[in-house]
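The file work_4.csv comes next; it holds CSV, N, CA and C atoms.
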```
chain,number,residue,atom,x,y,z
A,1,MET,N,85.0,-216.2,-159.8
A,1,MET,CA,84.6,-215.8,-161.1
A,1,MET,C,84.4,-217.1,-161.9
A,2,LYS,N,83.3,-217.2,-162.7
A,2,LYS,CA,83.0,-218.4,-163.5
A,2,LYS,C,83.6,-218.2,-164.9
A,3,ILE,N,84.3,-219.2,-165.3
A,3,ILE,CA,85.0,-219.2,-166.6
A,3,ILE,C,84.7,-220.4,-167.4
A,4,ARG,N,84.8,-220.3,-168.7
A,4,ARG,CA,84.6,-221.5,-169.6
A,4,ARG,C,85.9,-221.7,-170.3
A,5,PHE,N,86.4,-222.9,-170.4
A,5,PHE,CA,87.7,-223.2,-171.0
A,5,PHE,C,87.5,-223.2,-172.6
A,6,VAL,N,88.5,-222.6,-173.3
A,6,VAL,CA,88.5,-222.6,-174.7
A,6,VAL,C,89.6,-223.5,-175.2
A,7,LYS,N,90.5,-223.9,-174.4
A,7,LYS,CA,91.6,-224.9,-174.7
A,7,LYS,C,91.7,-225.9,-173.5
A,8,ALA,N,92.1,-227.1,-173.8
A,8,ALA,CA,92.2,-228.1,-172.7
A,8,ALA,C,93.3,-227.6,-171.7
A,9,TYR,N,93.0,-227.8,-170.4
A,9,TYR,CA,93.9,-227.4,-169.3
A,9,TYR,C,93.7,-228.4,-168.2
A,10,LYS,N,94.8,-229.1,-167.8
A,10,LYS,CA,94.8,-230.0,-166.7
A,10,LYS,C,93.7,-231.0,-166.9
A,11,SER,N,92.7,-231.1,-166.0
A,11,SER,CA,91.6,-232.0,-166.1
A,11,SER,C,90.4,-231.4,-166.7
A,12,TYR,N,90.5,-230.2,-167.3
A,12,TYR,CA,89.4,-229.5,-167.9
A,12,TYR,C,89.4,-229.7,-169.4
A,13,ALA,N,88.3,-230.0,-170.0
A,13,ALA,CA,88.2,-230.1,-171.5
A,13,ALA,C,87.7,-228.8,-172.1
A,14,VAL,N,87.8,-228.7,-173.4
A,14,VAL,CA,87.2,-227.5,-174.0
A,14,VAL,C,85.7,-227.4,-173.7
A,15,GLY,N,85.2,-226.3,-173.3
A,15,GLY,CA,83.8,-226.1,-173.0
A,15,GLY,C,83.4,-226.3,-171.6
A,16,ASP,N,84.3,-226.9,-170.8
A,16,ASP,CA,84.0,-227.1,-169.3
A,16,ASP,C,84.0,-225.7,-168.7
A,17,ALA,N,83.1,-225.6,-167.7
A,17,ALA,CA,83.0,-224.4,-166.9
A,17,ALA,C,83.2,-224.7,-165.4
A,18,ASP,N,83.8,-223.7,-164.7
A,18,ASP,CA,84.0,-223.9,-163.3
A,18,ASP,C,84.2,-222.5,-162.6
A,19,VAL,N,84.2,-222.5,-161.3
A,19,VAL,CA,84.4,-221.2,-160.6
A,19,VAL,C,85.8,-221.2,-160.0
A,20,PHE,N,86.5,-220.2,-160.2
A,20,PHE,CA,87.9,-220.0,-159.8
A,20,PHE,C,88.0,-218.7,-159.0
A,21,PRO,N,89.0,-218.6,-158.1
A,21,PRO,CA,89.3,-217.4,-157.5
A,21,PRO,C,89.6,-216.3,-158.5
A,22,GLU,N,89.3,-215.1,-158.3
A,22,GLU,CA,89.4,-214.0,-159.3
A,22,GLU,C,90.8,-213.9,-159.9
A,23,ALA,N,91.8,-214.0,-159.1
A,23,ALA,CA,93.2,-213.9,-159.6
A,23,ALA,C,93.6,-215.0,-160.6
A,24,GLU,N,93.2,-216.2,-160.2
A,24,GLU,CA,93.5,-217.4,-161.0
A,24,GLU,C,92.7,-217.3,-162.3
A,25,ALA,N,91.4,-216.9,-162.2
A,25,ALA,CA,90.6,-216.8,-163.4
A,25,ALA,C,91.1,-215.8,-164.4
A,26,LYS,N,91.5,-214.7,-163.9
A,26,LYS,CA,92.1,-213.6,-164.8
A,26,LYS,C,93.4,-214.1,-165.4
A,27,ALA,N,94.2,-214.9,-164.7
A,27,ALA,CA,95.4,-215.4,-165.3
A,27,ALA,C,95.1,-216.4,-166.4
A,28,LEU,N,94.1,-217.3,-166.2
A,28,LEU,CA,93.8,-218.2,-167.3
A,28,LEU,C,93.2,-217.5,-168.5
A,29,ILE,N,92.4,-216.5,-168.2
A,29,ILE,CA,91.9,-215.7,-169.3
A,29,ILE,C,93.0,-214.9,-170.1
A,30,GLY,N,93.9,-214.4,-169.3
A,30,GLY,CA,95.0,-213.6,-169.9
A,30,GLY,C,95.9,-214.5,-170.8
A,31,ILE,N,96.1,-215.8,-170.5
A,31,ILE,CA,97.0,-216.6,-171.3
A,31,ILE,C,96.2,-217.3,-172.4
A,32,GLY,N,94.9,-217.0,-172.5
A,32,GLY,CA,94.1,-217.5,-173.6
A,32,GLY,C,93.5,-218.9,-173.4
A,33,LEU,N,93.5,-219.4,-172.2
A,33,LEU,CA,92.9,-220.8,-171.9
A,33,LEU,C,91.4,-220.7,-171.7
A,34,ALA,N,90.9,-219.6,-171.3
A,34,ALA,CA,89.5,-219.5,-170.9
A,34,ALA,C,88.9,-218.2,-171.2
A,35,GLU,N,87.6,-218.1,-171.1
A,35,GLU,CA,86.9,-216.8,-171.3
A,35,GLU,C,85.9,-216.7,-170.1
A,36,GLU,N,85.6,-215.4,-169.7
A,36,GLU,CA,84.7,-215.2,-168.6
A,36,GLU,C,83.3,-215.5,-169.1
A,37,MET,N,82.5,-216.1,-168.2
A,37,MET,CA,81.1,-216.4,-168.5
A,37,MET,C,80.3,-215.2,-168.0
A,38,PRO,N,79.3,-214.8,-168.7
A,38,PRO,CA,78.4,-213.7,-168.3
A,38,PRO,C,77.7,-214.1,-167.0
A,39,ALA,N,77.4,-213.1,-166.2
A,39,ALA,CA,76.7,-213.4,-164.9
A,39,ALA,C,75.3,-213.8,-165.2
A,40,GLU,N,74.8,-214.7,-164.4
A,40,GLU,CA,73.4,-215.2,-164.6
A,40,GLU,C,72.4,-214.2,-164.1
A,41,LYS,N,71.4,-213.9,-164.8
A,41,LYS,CA,70.4,-212.9,-164.4
A,41,LYS,C,69.2,-213.7,-163.9
A,42,PRO,N,68.5,-213.3,-162.9
A,42,PRO,CA,67.3,-214.0,-162.5
A,42,PRO,C,66.2,-213.7,-163.6
A,43,ALA,N,65.4,-214.8,-163.8
A,43,ALA,CA,64.4,-214.7,-164.8
A,43,ALA,C,63.2,-213.8,-164.3
A,44,LEU,N,62.6,-213.1,-165.2
A,44,LEU,CA,61.4,-212.3,-164.9
A,44,LEU,C,60.2,-213.2,-164.9
A,45,LYS,N,59.1,-212.8,-164.2
A,45,LYS,CA,57.9,-213.7,-164.2
A,45,LYS,C,57.5,-214.0,-165.6
A,46,GLY,N,57.3,-215.3,-165.9
A,46,GLY,CA,56.8,-215.7,-167.2
A,46,GLY,C,57.9,-215.9,-168.3
A,47,GLU,N,59.1,-215.4,-168.0
A,47,GLU,CA,60.2,-215.5,-168.9
A,47,GLU,C,60.7,-217.0,-169.1
A,48,LYS,N,60.7,-217.8,-168.1
A,48,LYS,CA,61.0,-219.2,-168.2
A,48,LYS,C,60.0,-220.0,-169.0
A,49,ALA,N,58.7,-219.7,-168.8
A,49,ALA,CA,57.7,-220.4,-169.5
A,49,ALA,C,57.7,-220.1,-171.0
A,50,VAL,N,58.1,-218.9,-171.4
A,50,VAL,CA,58.2,-218.5,-172.8
A,50,VAL,C,59.4,-219.2,-173.4
A,51,ALA,N,60.5,-219.3,-172.7
A,51,ALA,CA,61.7,-219.9,-173.2
A,51,ALA,C,61.6,-221.4,-173.3
A,52,ALA,N,60.7,-222.0,-172.5
A,52,ALA,CA,60.6,-223.4,-172.6
A,52,ALA,C,59.8,-223.9,-173.8
A,53,LYS,N,59.0,-223.0,-174.3
A,53,LYS,CA,58.1,-223.4,-175.5
A,53,LYS,C,58.9,-223.5,-176.8
```
Now that the file is in, can you turn its structure into structure tokens?
Amino acid sequence: MKIRFVKAYKSYAVGDADVFPEAEAKALIGIGLAEEMPAEKPALKGEKAVAAK
């Protein structure tokens, strides 16, 4: 599960993102150190070109 840190934790600064095993990620989210990042969606044809402009 990919998470983003909202508070500094060990070697992670605020805003850092990393992939953790689901149990560990849920524990970090539960104690308020991190938030779950939304799953990445594949871009539709032409979507990247429009976003780049």
### Query
Restricting the calculation to all atoms listed in the file, which member of A:Leu33, A:Pro21, A:Gly15, A:Ala27 is positioned closest to Met1 of chain A?
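Closest to Met1 of chain A of all the choices is A:Pro21.
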### Task
Give the helix (DSSP H, G or I) residues of chain A, as assigned by DSSP on the backbone, as a count of residues only.
15
### Query
Separation of atom CA of Val6 of chain A and atom CA of Lys41 of chain A, in Å?
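Computing it gives 23.0 Å between the two atoms.
Restricting the calculation to only N, CA and C atoms, the smallest distance between Glu35 of chain A and any of A:Val19, A:Tyr9, A:Lys2, A:Val14 is found for A:Lys2.
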